[in-house]
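Peer 1: Have a peek at upload-v7.txt (compact mmCIF, C-alpha atoms).
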```
# COMPACT_ATOMS: atom_id res chain seq x y z
CA MET A 1 92.36 82.29 135.38
CA GLY A 2 95.64 83.50 136.86
CA THR A 3 97.49 85.88 134.66
CA ALA A 4 95.12 86.49 131.83
CA GLY A 5 95.90 84.60 128.72
CA GLU A 6 98.67 82.37 129.97
CA ARG A 7 96.97 79.28 128.67
CA LEU A 8 95.02 80.79 125.83
CA PRO A 9 95.79 80.09 122.18
CA ASP A 10 97.93 82.60 120.35
CA GLU A 11 94.96 83.69 118.26
CA VAL A 12 93.00 84.74 121.34
CA LEU A 13 95.84 86.84 122.63
CA LEU A 14 96.18 88.49 119.24
CA ALA A 15 92.45 89.18 119.11
CA GLY A 16 92.61 90.66 122.59
CA LEU A 17 95.60 92.81 121.65
CA GLY A 18 93.78 94.10 118.62
CA ALA A 19 90.72 94.85 120.71
CA GLY A 20 92.78 96.82 123.18
CA ASP A 21 92.39 94.41 126.08
CA ALA A 22 95.22 95.30 128.44
CA GLU A 23 95.52 91.90 130.08
CA LEU A 24 95.61 89.98 126.84
CA ALA A 25 98.04 92.49 125.43
CA VAL A 26 100.37 91.82 128.35
CA ALA A 27 100.09 88.10 127.79
CA PHE A 28 100.73 88.52 124.06
CA VAL A 29 103.83 90.62 124.58
CA ARG A 30 105.17 88.26 127.23
CA ARG A 31 104.64 85.26 125.03
CA PHE A 32 106.34 86.67 121.96
CA GLN A 33 108.80 89.33 123.09
CA ARG A 34 111.84 87.05 123.09
CA ILE A 35 111.04 85.82 119.62
CA VAL A 36 110.40 89.29 118.22
CA PHE A 37 113.44 90.85 119.86
CA GLY A 38 115.51 87.82 118.83
CA VAL A 39 114.67 88.38 115.18
CA ALA A 40 115.35 92.10 115.40
CA VAL A 41 118.67 91.84 117.20
CA ALA A 42 119.83 88.99 114.97
CA VAL A 43 119.31 91.11 111.87
CA ILE A 44 120.26 94.52 113.22
CA GLY A 45 122.88 93.76 115.85
CA ASP A 46 122.52 96.94 117.85
CA PRO A 47 120.20 96.22 120.82
CA LYS A 48 118.86 99.78 121.00
CA THR A 49 117.72 99.83 117.42
CA ALA A 50 116.53 96.25 117.73
CA GLU A 51 114.33 97.20 120.66
CA ASP A 52 112.74 99.98 118.69
CA VAL A 53 112.09 97.62 115.80
CA ALA A 54 110.64 95.03 118.18
CA GLN A 55 108.33 97.67 119.62
CA GLN A 56 107.28 98.64 116.12
CA ALA A 57 106.54 94.99 115.37
CA PHE A 58 104.15 94.77 118.31
CA GLU A 59 102.59 98.03 117.23
CA GLN A 60 102.05 96.62 113.75
CA ALA A 61 100.49 93.50 115.24
CA TRP A 62 98.20 95.68 117.32
CA LYS A 63 97.15 97.76 114.34
CA HIS A 64 96.67 94.83 112.01
CA ALA A 65 95.48 92.06 114.32
CA GLN A 66 92.17 91.94 112.54
CA VAL A 67 93.73 90.93 109.24
CA TYR A 68 95.68 88.01 110.65
CA ASP A 69 94.45 84.88 108.91
CA SER A 70 95.26 81.62 110.65
CA ARG A 71 94.87 79.71 107.42
CA ARG A 72 98.03 81.31 106.13
CA GLY A 73 100.28 80.50 109.05
CA THR A 74 100.75 80.69 112.76
CA VAL A 75 100.67 83.85 114.83
CA ARG A 76 104.32 83.25 115.59
CA ALA A 77 105.25 83.10 111.91
CA TRP A 78 103.12 86.17 111.15
CA LEU A 79 104.73 88.19 113.90
CA THR A 80 108.19 86.95 112.99
CA ARG A 81 107.66 88.08 109.42
CA ILE A 82 106.51 91.52 110.58
CA ALA A 83 109.58 91.91 112.79
CA HIS A 84 111.88 90.66 110.07
CA ASN A 85 110.49 93.01 107.43
CA LEU A 86 110.90 95.98 109.74
CA ALA A 87 114.44 94.92 110.63
CA ILE A 88 115.37 94.47 106.98
CA ASP A 89 114.10 97.95 106.21
CA VAL A 90 116.39 99.34 108.89
CA VAL A 91 119.51 97.55 107.72
CA ARG A 92 118.82 98.40 104.09
CA ALA A 93 118.72 102.06 105.02
CA ARG A 94 122.27 101.85 106.26
CA ALA A 95 125.11 102.84 104.00
CA SER A 96 127.22 99.94 105.14
CA LEU A 97 126.74 96.30 104.37
CA PRO A 98 124.04 95.01 106.71
CA VAL A 99 126.04 92.01 107.77
CA ASP A 100 129.60 91.60 108.88
CA PRO A 101 130.80 88.44 107.10
CA ASP A 102 132.62 87.50 110.28
CA ASP A 103 129.28 87.27 112.07
CA LEU A 104 127.85 84.73 109.68
CA PRO A 105 129.38 81.55 111.11
CA LEU A 106 128.12 82.55 114.53
CA MET A 107 124.64 83.20 113.22
CA LEU A 108 124.54 79.92 111.35
CA THR A 109 125.76 78.07 114.41
CA ALA A 110 123.01 79.68 116.48
CA MET A 111 120.42 78.68 113.89
CA THR A 112 121.61 75.11 113.59
CA ASP A 113 122.27 74.52 117.29
CA GLY A 114 119.33 76.40 118.76
CA PRO A 115 120.50 75.91 122.35
CA ASP A 116 118.96 79.05 123.77
CA ASN A 117 115.59 79.00 122.11
CA PRO A 118 113.28 77.63 124.77
CA GLU A 119 110.29 79.28 123.18
CA GLY A 120 110.90 77.48 119.97
CA VAL A 121 108.23 74.94 120.60
CA ALA A 122 107.32 75.02 116.96
CA VAL A 123 110.94 74.40 116.13
CA ALA A 124 110.57 71.02 117.73
CA ARG A 125 108.29 70.05 114.91
CA ASP A 126 109.79 67.48 112.64
CA SER A 127 109.90 69.70 109.61
CA ALA A 128 111.64 72.50 111.45
CA ALA A 129 114.10 70.05 112.95
CA GLN A 130 114.77 68.77 109.47
CA LEU A 131 115.34 72.31 108.27
CA ARG A 132 117.71 73.02 111.12
CA ARG A 133 119.62 69.86 110.33
CA ALA A 134 119.69 70.58 106.62
CA LEU A 135 121.04 74.07 107.19
CA GLY A 136 123.95 72.52 109.01
CA LEU A 137 124.56 69.97 106.30
CA ILE A 138 124.41 71.94 103.07
CA PRO A 139 127.72 73.28 101.75
CA ALA A 140 128.88 76.21 103.83
CA PRO A 141 129.03 78.65 100.89
CA GLN A 142 125.37 77.88 100.14
CA ALA A 143 124.36 78.27 103.77
CA ARG A 144 126.16 81.61 103.92
CA ALA A 145 124.49 82.83 100.75
CA VAL A 146 121.05 81.76 101.95
CA ALA A 147 121.57 83.42 105.33
CA MET A 148 122.86 86.62 103.76
CA ALA A 149 119.79 86.83 101.54
CA GLY A 150 117.13 85.33 103.79
CA ILE A 151 118.16 86.77 107.14
CA TYR A 152 119.93 90.01 106.23
CA GLY A 153 118.09 90.81 103.02
CA LEU A 154 121.14 91.04 100.78
CA THR A 155 120.58 90.84 97.07
CA ALA A 156 122.58 88.36 95.02
CA ARG A 157 124.76 91.24 93.87
CA GLN A 158 125.51 92.19 97.47
CA VAL A 159 126.23 88.56 98.34
CA ALA A 160 128.63 88.40 95.40
CA ASP A 161 130.41 91.55 96.51
CA ALA A 162 130.62 90.42 100.13
CA GLU A 163 131.96 87.01 99.20
CA GLY A 164 134.17 88.16 96.35
CA ILE A 165 132.50 85.85 93.86
CA PRO A 166 130.81 86.36 90.48
CA LEU A 167 127.14 87.31 90.49
CA GLY A 168 126.18 84.08 88.77
CA THR A 169 127.88 82.05 91.47
CA ALA A 170 126.03 83.95 94.18
CA LYS A 171 122.69 83.34 92.48
CA THR A 172 123.47 79.66 92.05
CA ARG A 173 124.41 79.30 95.71
CA ILE A 174 121.16 80.92 96.83
CA ARG A 175 119.11 78.80 94.44
CA ASP A 176 120.78 75.48 95.21
CA GLY A 177 120.88 76.11 98.95
CA MET A 178 117.19 76.96 99.09
CA GLN A 179 116.28 73.97 96.96
CA LYS A 180 117.97 71.64 99.44
CA LEU A 181 116.38 73.35 102.40
CA ARG A 182 112.97 73.15 100.77
CA ALA A 183 113.41 69.44 100.16
CA ALA A 184 114.20 68.98 103.85
CA TYR A 185 111.46 71.29 105.12
CA LEU A 186 108.64 70.20 102.83
CA PRO A 187 109.61 66.71 101.70
CA GLU A 188 106.02 65.76 100.93
CA ASP A 189 105.65 68.71 98.56
CA VAL A 190 108.81 68.09 96.61
CA GLY A 191 108.57 65.68 93.78
CA ASP A 192 107.60 67.81 90.87
CA GLU A 193 111.15 68.64 89.98
CA MET B 1 103.52 75.35 82.64
CA ASN B 2 103.51 78.40 80.45
CA GLU B 3 106.38 78.94 78.07
CA SER B 4 105.08 81.95 76.20
CA THR B 5 105.96 84.69 78.69
CA GLU B 6 109.15 86.71 78.61
CA MET B 7 110.47 84.71 81.50
CA ASN B 8 109.94 81.01 81.01
CA CYS B 9 109.60 78.41 83.74
CA ALA B 10 113.26 77.45 83.73
CA GLN B 11 114.29 81.07 84.09
CA LEU B 12 111.75 81.55 86.86
CA ARG B 13 113.14 78.58 88.76
CA ASP B 14 116.59 80.16 88.57
CA VAL B 15 115.42 83.23 90.47
CA ALA B 16 112.57 81.72 92.49
CA ALA B 17 114.65 81.45 95.66
CA GLU B 18 115.66 85.10 95.48
CA LEU B 19 112.04 86.06 94.91
CA ALA B 20 110.87 83.98 97.86
CA LEU B 21 113.55 85.48 100.09
CA GLY B 22 112.47 88.98 99.10
CA VAL B 23 115.78 89.98 97.54
CA LEU B 24 114.94 89.94 93.85
CA THR B 25 114.78 93.48 92.50
CA GLY B 26 114.12 95.55 89.44
CA ARG B 27 113.32 94.05 86.07
CA GLU B 28 114.01 90.48 87.19
CA ARG B 29 111.42 90.78 89.92
CA ALA B 30 108.86 92.35 87.62
CA ASP B 31 109.41 89.63 85.02
CA ALA B 32 109.17 86.90 87.64
CA LEU B 33 105.91 88.28 89.02
CA ALA B 34 104.52 88.57 85.52
CA HIS B 35 105.35 84.92 84.94
CA LEU B 36 103.73 83.90 88.23
CA GLU B 37 100.54 85.62 87.17
CA ARG B 38 100.22 83.05 84.44
CA CYS B 39 101.84 79.91 85.83
CA GLU B 40 100.24 77.95 88.63
CA ASP B 41 103.10 75.45 88.84
CA CYS B 42 105.67 78.15 89.42
CA ARG B 43 103.41 79.89 91.94
CA GLU B 44 103.34 76.68 93.92
CA HIS B 45 107.10 76.38 93.60
CA VAL B 46 107.58 79.88 94.97
CA ARG B 47 105.02 79.26 97.69
CA GLN B 48 107.06 76.33 98.93
CA LEU B 49 110.22 78.39 98.90
CA MET B 50 108.45 81.14 100.81
CA ALA B 51 107.36 78.61 103.40
CA THR B 52 110.96 77.49 103.67
CA SER B 53 112.00 81.09 104.10
CA GLU B 54 109.50 81.41 106.96
CA GLY B 55 110.97 78.28 108.45
CA LEU B 56 114.44 79.78 108.34
CA LEU B 57 113.29 82.82 110.28
CA GLY B 58 111.85 80.42 112.84
CA LEU B 59 115.36 79.14 113.49
CA LEU B 60 116.64 82.52 114.61
CA PRO B 61 117.49 82.32 118.29
CA ALA B 62 115.15 83.96 120.76
CA SER B 63 116.70 86.69 122.84
CA GLU B 64 115.69 88.39 126.07
CA PRO B 65 114.85 92.03 125.37
CA PRO B 66 116.18 94.79 127.62
CA ALA B 67 114.54 95.16 131.03
CA GLY B 68 111.29 97.09 130.90
CA PHE B 69 110.59 96.20 127.26
CA GLU B 70 107.14 94.86 128.01
CA THR B 71 106.14 98.03 129.85
CA ARG B 72 107.45 100.26 127.10
CA VAL B 73 105.55 98.34 124.43
CA LEU B 74 102.30 98.57 126.36
CA ASP B 75 102.85 102.25 127.07
CA ARG B 76 103.44 102.84 123.39
CA LEU B 77 100.13 101.21 122.60
CA GLY B 78 98.31 102.94 125.42
CA LEU B 79 97.51 99.55 126.91
CA ALA B 80 99.45 99.62 130.15
CA PRO B 81 97.47 97.80 132.84
CA ALA B 82 96.07 99.91 135.63
CA GLY B 83 97.94 97.99 138.29
CA PRO B 84 101.67 98.07 138.88
CA ALA B 85 103.58 96.64 135.98
CA SER B 86 105.59 93.56 136.60
CA PRO B 87 108.62 93.83 134.41
CA ARG B 88 110.56 90.65 134.30
CA ALA B 89 113.96 90.64 135.81
CA HIS B 90 116.64 91.48 133.33
CA ALA B 91 118.11 88.27 132.05
CA PRO B 92 121.29 87.87 130.08
CA GLN B 93 120.91 88.31 126.38
CA SER B 94 121.51 85.40 124.11
CA ARG B 95 124.95 84.22 123.27
CA LEU B 96 124.55 85.63 119.82
CA ALA B 97 123.46 89.04 121.05
CA ARG B 98 126.31 89.21 123.54
CA LEU B 99 128.87 88.37 120.92
CA ARG B 100 127.38 90.59 118.28
CA ARG B 101 126.91 93.69 120.39
CA ARG B 102 128.86 96.29 118.51
CA GLY B 103 127.21 99.54 119.39
CA ARG B 104 125.95 100.37 115.95
CA ASP B 105 123.67 103.19 116.86
CA ASN B 106 120.71 104.21 114.82
CA ARG B 107 118.35 106.98 115.62
CA ARG B 108 114.90 106.14 116.77
CA GLU B 109 112.50 106.72 113.97
CA SER B 110 109.32 105.55 115.47
CA ALA B 111 106.09 107.24 114.77
CA SER B 112 104.77 106.65 118.21
CA ARG B 113 101.05 106.37 118.61
CA GLY B 114 99.83 108.29 121.58
CA PRO B 115 98.19 106.51 124.46
CA ARG B 116 94.51 106.07 124.20
CA SER B 117 92.09 103.79 125.83
CA ARG B 118 90.43 101.36 123.53
CA ARG B 119 88.98 99.09 126.13
CA LEU B 120 85.44 98.05 125.39
CA ILE B 121 85.19 100.21 122.31
CA ALA B 122 86.91 98.03 119.78
CA ALA B 123 84.66 95.00 119.71
CA ALA B 124 82.40 96.43 117.06
CA ALA B 125 85.36 97.47 114.97
CA ILE B 126 86.80 93.98 115.14
CA ALA B 127 83.49 92.42 114.29
CA VAL B 128 83.31 94.50 111.16
CA ALA B 129 86.93 94.06 110.29
CA VAL B 130 87.14 90.33 110.57
CA VAL B 131 84.23 89.76 108.25
CA GLY B 132 85.99 91.55 105.46
CA ALA B 133 89.51 90.54 106.31
CA GLY B 134 89.95 87.63 104.00
CA ALA B 135 91.33 89.60 101.10
CA SER B 136 93.93 91.39 103.13
CA GLY B 137 96.58 90.21 105.12
CA TRP B 138 99.72 88.39 105.02
CA GLN B 139 101.84 91.09 103.46
CA ILE B 140 101.83 93.44 106.39
CA GLY B 141 105.50 94.22 106.61
CA ALA B 142 106.97 97.28 105.04
CA SER B 143 109.71 95.74 102.92
CA THR B 144 109.50 96.61 99.31
CA ALA B 145 110.65 93.41 97.72
CA ARG B 146 108.29 90.86 99.16
CA PRO B 147 106.84 88.51 96.62
CA VAL B 148 103.13 88.36 96.13
CA ALA B 149 102.82 84.85 94.83
CA ALA B 150 99.87 82.61 95.41
CA PRO B 151 97.22 84.94 96.74
CA VAL B 152 94.46 83.19 98.62
CA ALA B 153 90.89 83.79 97.64
CA ALA B 154 88.89 85.93 100.00
CA ALA B 155 86.86 84.10 102.60
CA PRO B 156 85.39 85.08 105.94
CA VAL B 157 87.63 84.66 108.93
CA PRO B 158 85.79 82.55 111.50
CA LEU B 159 86.37 85.01 114.33
CA SER B 160 83.38 86.81 115.73
CA ALA B 161 83.14 89.53 118.29
CA ALA B 162 80.16 90.80 120.23
CA THR B 163 79.44 93.22 123.02
CA PHE B 164 78.12 92.14 126.39
CA LEU B 165 75.05 94.22 127.22
CA THR B 166 73.08 94.43 130.42
CA ALA B 167 69.29 94.39 130.50
CA THR B 168 69.43 98.18 130.25
CA ARG B 169 71.65 97.97 127.14
CA THR B 170 74.78 99.13 128.94
CA LYS B 171 77.99 97.87 127.38
CA VAL B 172 79.93 95.93 129.96
CA GLY B 173 82.26 93.64 128.08
CA GLN B 174 83.47 91.87 124.98
CA LEU B 175 83.03 88.38 123.66
CA PHE B 176 85.29 86.71 121.08
CA VAL B 177 84.37 83.40 119.50
CA TYR B 178 86.56 81.53 117.08
CA GLN B 179 84.45 78.90 115.37
CA ALA B 180 87.05 76.99 113.40
CA LYS B 181 89.55 74.44 114.62
CA PRO B 182 90.88 74.88 117.20
CA ARG B 183 87.78 76.61 118.53
CA TRP B 184 88.06 78.99 121.43
CA ILE B 185 86.11 81.58 123.35
CA TYR B 186 87.29 84.59 125.28
CA MET B 187 85.52 87.33 127.16
CA SER B 188 86.31 90.29 129.32
CA VAL B 189 83.81 92.05 131.56
CA ASP B 190 84.01 95.40 133.28
CA LEU B 191 80.87 96.14 135.25
CA PRO B 192 80.51 99.80 136.21
CA ASP B 193 81.02 100.67 139.84
CA ASN B 194 77.55 102.04 140.31
CA ALA B 195 75.77 99.25 138.56
CA SER B 196 72.69 98.00 140.23
CA LEU B 197 73.84 94.52 139.47
CA PRO B 198 74.70 91.74 141.83
CA ALA B 199 78.05 90.07 141.89
CA ALA B 200 80.38 92.95 141.06
CA ASP B 201 82.72 90.75 142.99
CA GLY B 202 82.58 87.00 143.06
CA MET B 203 82.13 84.08 140.77
CA VAL B 204 80.11 84.32 137.59
CA THR B 205 79.11 81.60 135.18
CA CYS B 206 79.50 81.78 131.44
CA GLN B 207 76.90 80.12 129.27
CA VAL B 208 77.16 79.81 125.51
CA ILE B 209 74.01 80.00 123.44
CA GLY B 210 73.75 77.59 120.56
CA ALA B 211 72.00 78.03 117.24
CA ASP B 212 68.89 76.47 118.77
CA GLY B 213 68.85 79.04 121.55
CA LYS B 214 69.85 76.55 124.18
CA ALA B 215 72.21 77.84 126.86
CA THR B 216 75.02 75.63 128.11
CA SER B 217 77.28 76.44 131.05
CA VAL B 218 80.89 76.22 129.95
CA GLY B 219 82.88 77.79 132.78
CA THR B 220 83.08 80.08 135.77
CA PHE B 221 85.44 82.88 136.66
CA ARG B 222 85.84 85.56 139.29
CA LEU B 223 85.03 89.24 138.99
CA ASP B 224 87.22 91.56 141.00
CA GLY B 225 85.85 95.06 141.36
CA GLY B 226 83.54 94.30 138.50
CA TYR B 227 86.33 93.26 136.18
CA GLY B 228 87.20 89.80 135.04
CA ALA B 229 88.31 87.91 131.98
CA TRP B 230 88.06 84.30 131.02
CA GLY B 231 88.74 82.15 128.04
CA SER B 232 88.99 78.55 127.11
CA PRO B 233 89.90 76.47 124.11
CA ASP B 234 87.07 74.36 122.77
CA PRO B 235 84.67 74.82 125.68
CA TRP B 236 81.50 73.76 123.93
CA SER B 237 80.74 70.36 122.51
CA ASP B 238 79.44 71.05 119.06
CA GLY B 239 77.50 73.40 116.85
CA THR B 240 77.60 77.09 116.15
CA VAL B 241 77.74 79.55 119.02
CA ARG B 242 75.29 82.41 118.62
CA GLY B 243 76.18 84.21 121.78
CA ALA B 244 76.96 84.00 125.46
CA ARG B 245 75.61 85.24 128.74
CA LEU B 246 76.98 85.78 132.19
CA LEU B 247 75.14 84.67 135.29
CA ALA B 248 75.67 85.75 138.86
CA ALA B 249 75.92 83.12 141.56
CA ASP B 250 72.20 83.42 142.25
CA GLY B 251 71.35 82.80 138.59
CA THR B 252 70.65 86.41 137.67
CA VAL B 253 71.61 87.18 134.10
CA LEU B 254 74.20 89.95 134.27
CA ALA B 255 74.84 90.47 130.59
CA THR B 256 74.24 88.91 127.21
CA ALA B 257 76.25 89.03 124.01
CA THR B 258 74.86 88.05 120.64
CA VAL B 259 77.19 87.15 117.81
CA PRO B 260 76.19 88.94 114.63
CA VAL B 261 74.96 86.58 111.94
CA LYS B 262 77.15 86.85 108.85
```
Mind converting the file's structure to C-alpha cells?
Peer 2:
Amino acid sequence: MGTAGERLPDEVLLAGLGAGDAELAVAFVRRFQRIVFGVAVAVIGDPKTAEDVAQQAFEQAWKHAQVYDSRRGTVRAWLTRIAHNLAIDVVRARASLPVDPDDLPLMLTAMTDGPDNPEGVAVARDSAAQLRRALGLIPAPQARAVAMAGIYGLTARQVADAEGIPLGTAKTRIRDGMQKLRAAYLPEDVGDE
Amino acid sequence: MNESTEMNCAQLRDVAAELALGVLTGRERADALAHLERCEDCREHVRQLMATSEGLLGLLPASEPPAGFETRVLDRLGLAPAGPASPRAHAPQSRLARLRRRGRDNRRESASRGPRSRRLIAAAAIAVAVVGAGASGWQIGASTARPVAAPVAAAPVPLSAATFLTATRTKVGQLFVYQAKPRWIYMSVDLPDNASLPAADGMVTCQVIGADGKATSVGTFRLDGGYGAWGSPDPWSDGTVRGARLLAADGTVLATATVPVK
C-alpha cells in the first residue's frame, strides 16, 4: 500500500489516529498539517506559538477522534474548527488586540486569492468558490468586520474600538457582511428572508 | 416563529451572525440561546450562518509548518513510528506567514501527554466509544463563546472496530469498518515474532464476511516482519460486513475479526 494511508479517506486516517496506529497517524498529520498550522499562524501570527497550537489541535483530534461525526461535516472542517478554537483562546488571553488592523487587508487578500493553498481541494467546490468570490466583493468595511470577528474572534465592541466606529455600526457590518456571504455560500438555503 | 420570548426573532436575526461567529457574549448571548431553544426557524438561520463561518475558515491559506513538526506531533502523542522518521524538507512559509512574522512570543502552555503505546489496545475502546458517540461531538474546541444551536439527535455512528484474533485467541490486529457512504475498510496486523503461523512475511489475503457468513476476497497486502496494514474505500459490493479474516498464501486462516452486533 505504499505509505500507509496515502489514498485512504480522511475518516480512516482519523480512526487510525484515534486507535493509536502509528502509520495512520503519520498519514493523518501529513495530510492536514499545512491546514492546521495555516489556521493557527493566520490567527496568532507568531510561528512558535502557532506550532504549539497546531500540535494541541492534533492532540485534541487524537483524544476525541471517536466523537467525530461525519454527518456534521468533513474531517477537514472539524479539525479546522478545533485549531481555530484553540488559536482564538490564545489570542484572547493576550492583553493586546489580537489583530493588527494593518494585517487585515493582507489576510483578506490571502483568503480571496488563495494562491498558495494547494491542499484546498474542498475550496474548489462551487460553494466555497462562491464564498471566496463574495468575500472579495462585499464592501470592504463589512469584510473587515467579518474577518475581525470570524477569524480573530473579536467581539463587536472590539471591532468598533479597532475601527473607530460606533458599536451599532460594527454590529451592522458583521450582520450584513455575513448575510451576503451566507447567500453566496448556501444559495439554495436562502429564501426564507 | 416565536414572538413571546424576551428576544424576538427580529432581535435574534440582528445578533445571529455574532452568535454564529462565536463572538456574542454576556446577556445578549444568553438571550439569543434562550430564543433558539424555542424557535426552529432561527435555529436554522444560525445553523446556516455557522456553516458560512466554517466556510470562511476554509479559506484561510495553508502554511508549511516548521521543519520537524510532524515528528514532534507524533512524539507528543507517543505515536512515533519505529523506523527513522522522514521529516519533510523545510519549505518556505506562506506569503502571509512571511509577511506577518512579528516575533510575538508566547510561552508554551501545553499539557503534554506522555508517550505511551496504544497500538493494538485501543480497538475495543473505539468500538465502545463509537456506539455511544452520537450525542457528543462537534463542540470539541475550548472557546467559551461557541453557539450551541441546532443539536443533532443522537444516533449510532456507522463505524465499527474489531480485534483480529488467531485460532488461539491471540490479539494480532485491528479492523475498522465504516458501513455508511462512502464505505471503507481498514486493518492493521502485527503478528508476534514467535508465532507458529505461516506468512509472517509475504502476501496475505483479506476476506470480508457478510451477514450470511459468506467470505469474499477483497484485497491482498504484504506483511513485513509480521506487520502490515491495508485499507480500501468501498471494497465490498453490498450488504453488511460482519467481520473479516486474513489468509496466508496457502489458504491458512491467520486471524479473524468479528464486528460486534449493535
Peer 1: Skipping near chain neighbours, those fewer than 5 positions away, what residues fall within 7 Å of Ala54 of chain A using only C-alpha atoms, listed as a ChimeraX atom specification?
Peer 2: /A:36-37,40,83
Peer 1: Could you write out the selected residues, including C-alpha atoms, as a PDB file, keeping the file's coordinate frame?
Peer 2:
```pdb
ATOM      1  CA  VAL A  36     110.400  89.290 118.220  1.00  0.00           C
ATOM      2  CA  PHE A  37     113.440  90.850 119.860  1.00  0.00           C
ATOM      3  CA  ALA A  40     115.350  92.100 115.400  1.00  0.00           C
ATOM      4  CA  ALA A  83     109.580  91.910 112.790  1.00  0.00           C
TER       5      ALA A  83
END
```
Peer 1: Please indicate the distance in Å from atom CA of Ile174 of chain A to atom CA of Pro47 of chain A, rounded to one decimal place.
Peer 2: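 Distance reported for this atom pair: 28.5 Å.
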Peer 1: Here is a test: counting all atoms listed in the file, which residue of A:Arg144, A:Arg71, A:Arg92, A:His64 is nearest to Met178 of chain A?
Peer 2: A:Arg144
Peer 1: Given the choices A:Leu135, A:Ala145, A:Val43, A:Met111, which gets closest to chain B if the distance is worked out from all atoms listed in the file?
Peer 2: A:Met111
Peer 1: Expressed in Å to a single decimal, how great is the separation between atom CA of Gln33 of chain A and atom CA of Ala143 of chain A?
Peer 2: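 According to the coordinates, atom CA of Gln33 of chain A and atom CA of Ala143 of chain A are separated by 27.2 Å.
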Peer 1: If I take atom CA of Ala257 of chain B and atom CA of Cys206 of chain B, how far is one from the other in Å, to one decimal?
Peer 2: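 That distance, rounded to one decimal, is 10.9 Å.
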Peer 1: Excluding Lys180 of chain A and any residue of its chain fewer than 2 positions from it, enumerate the residues within 10 Å of it, using only C-alpha atoms, and give them as a list in words.
Peer 2: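 So the residues in contact are Leu131, Ala134, Leu135, Leu137, Ile138, Gln142, Arg175, Asp176, Gly177, Met178, Arg182, Ala183, Ala184, Tyr185 and Pro187 of chain A.
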Peer 1: Just want the 9 Å neighbourhood of Ala156 of chain A, counted on only C-alpha atoms, with same-chain residues fewer than 6 positions away dropped. Output as a PyMOL selection string.
Peer 2: (chain A and resi 145+148-149+167-171+174) or (chain B and resi 18+23-24)
Peer 1: Write out as a PyMOL selection string the residues lying within 8 Å of Val259 of chain B, counting only C-alpha atoms and excluding same-chain residues fewer than 2 positions away.
Peer 2: chain B and resi 160-162+241-243+257+261
Peer 1: With distances taken over all atoms listed in the file, which residue among A:Arg34, A:Arg76, A:Arg94, A:Lys63 lies nearest chain B?
Peer 2: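 The closest residue to chain B is A:Arg34.
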Peer 1: Step by step: start from the point (78.2, 85.3, 139.4) in the file's coordinates, keep every protein, DNA or RNA residue that has an atom no farther than 10 Å from it, count only C-alpha atoms, and write the set as number ranges by chain.
Peer 2: B: 198-206, 220-223, 246-254
Peer 1: Looking at B:Ile185, B:Ala244, B:Cys39, B:Leu191, which one is nearest to Gly210 of chain B, with distances taken over only C-alpha atoms?
Peer 2: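 Comparing B:Ile185, B:Ala244, B:Cys39, B:Leu191 against Gly210 of chain B, the winner is B:Ala244.
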Peer 1: Show me the residues around (74.1, 100.8, 128.0) - criterion: an atom at most 12 Å away, all atoms listed in the file counted - as a list in words.
Peer 2: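 Those residues, ordered by chain and then number, are Leu120, Thr163, Phe164, Leu165, Thr166, Ala167, Thr168, Arg169, Thr170, Lys171, Val172, Gly173, Leu191, Pro192, Ala195, Ala255 and Thr256 of chain B.
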Peer 1: Next, dump the selected residues to file, keeping only C-alpha atoms, as a PDB file, in the frame of the given file.
Peer 2:
```pdb
ATOM      1  CA  LEU B 120      85.440  98.050 125.390  1.00  0.00           C
ATOM      2  CA  THR B 163      79.440  93.220 123.020  1.00  0.00           C
ATOM      3  CA  PHE B 164      78.120  92.140 126.390  1.00  0.00           C
ATOM      4  CA  LEU B 165      75.050  94.220 127.220  1.00  0.00           C
ATOM      5  CA  THR B 166      73.080  94.430 130.420  1.00  0.00           C
ATOM      6  CA  ALA B 167      69.290  94.390 130.500  1.00  0.00           C
ATOM      7  CA  THR B 168      69.430  98.180 130.250  1.00  0.00           C
ATOM      8  CA  ARG B 169      71.650  97.970 127.140  1.00  0.00           C
ATOM      9  CA  THR B 170      74.780  99.130 128.940  1.00  0.00           C
ATOM     10  CA  LYS B 171      77.990  97.870 127.380  1.00  0.00           C
ATOM     11  CA  VAL B 172      79.930  95.930 129.960  1.00  0.00           C
ATOM     12  CA  GLY B 173      82.260  93.640 128.080  1.00  0.00           C
ATOM     13  CA  LEU B 191      80.870  96.140 135.250  1.00  0.00           C
ATOM     14  CA  PRO B 192      80.510  99.800 136.210  1.00  0.00           C
ATOM     15  CA  ALA B 195      75.770  99.250 138.560  1.00  0.00           C
ATOM     16  CA  ALA B 255      74.840  90.470 130.590  1.00  0.00           C
ATOM     17  CA  THR B 256      74.240  88.910 127.210  1.00  0.00           C
TER      18      THR B 256
END
```
Peer 1: Nearest to chain B among A:Gln130, A:Gln158, A:Thr74, A:Thr49, with distances taken over only C-alpha atoms: which residue is it?
Peer 2: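 Closest to chain B, using only C-alpha atoms: A:Thr49.
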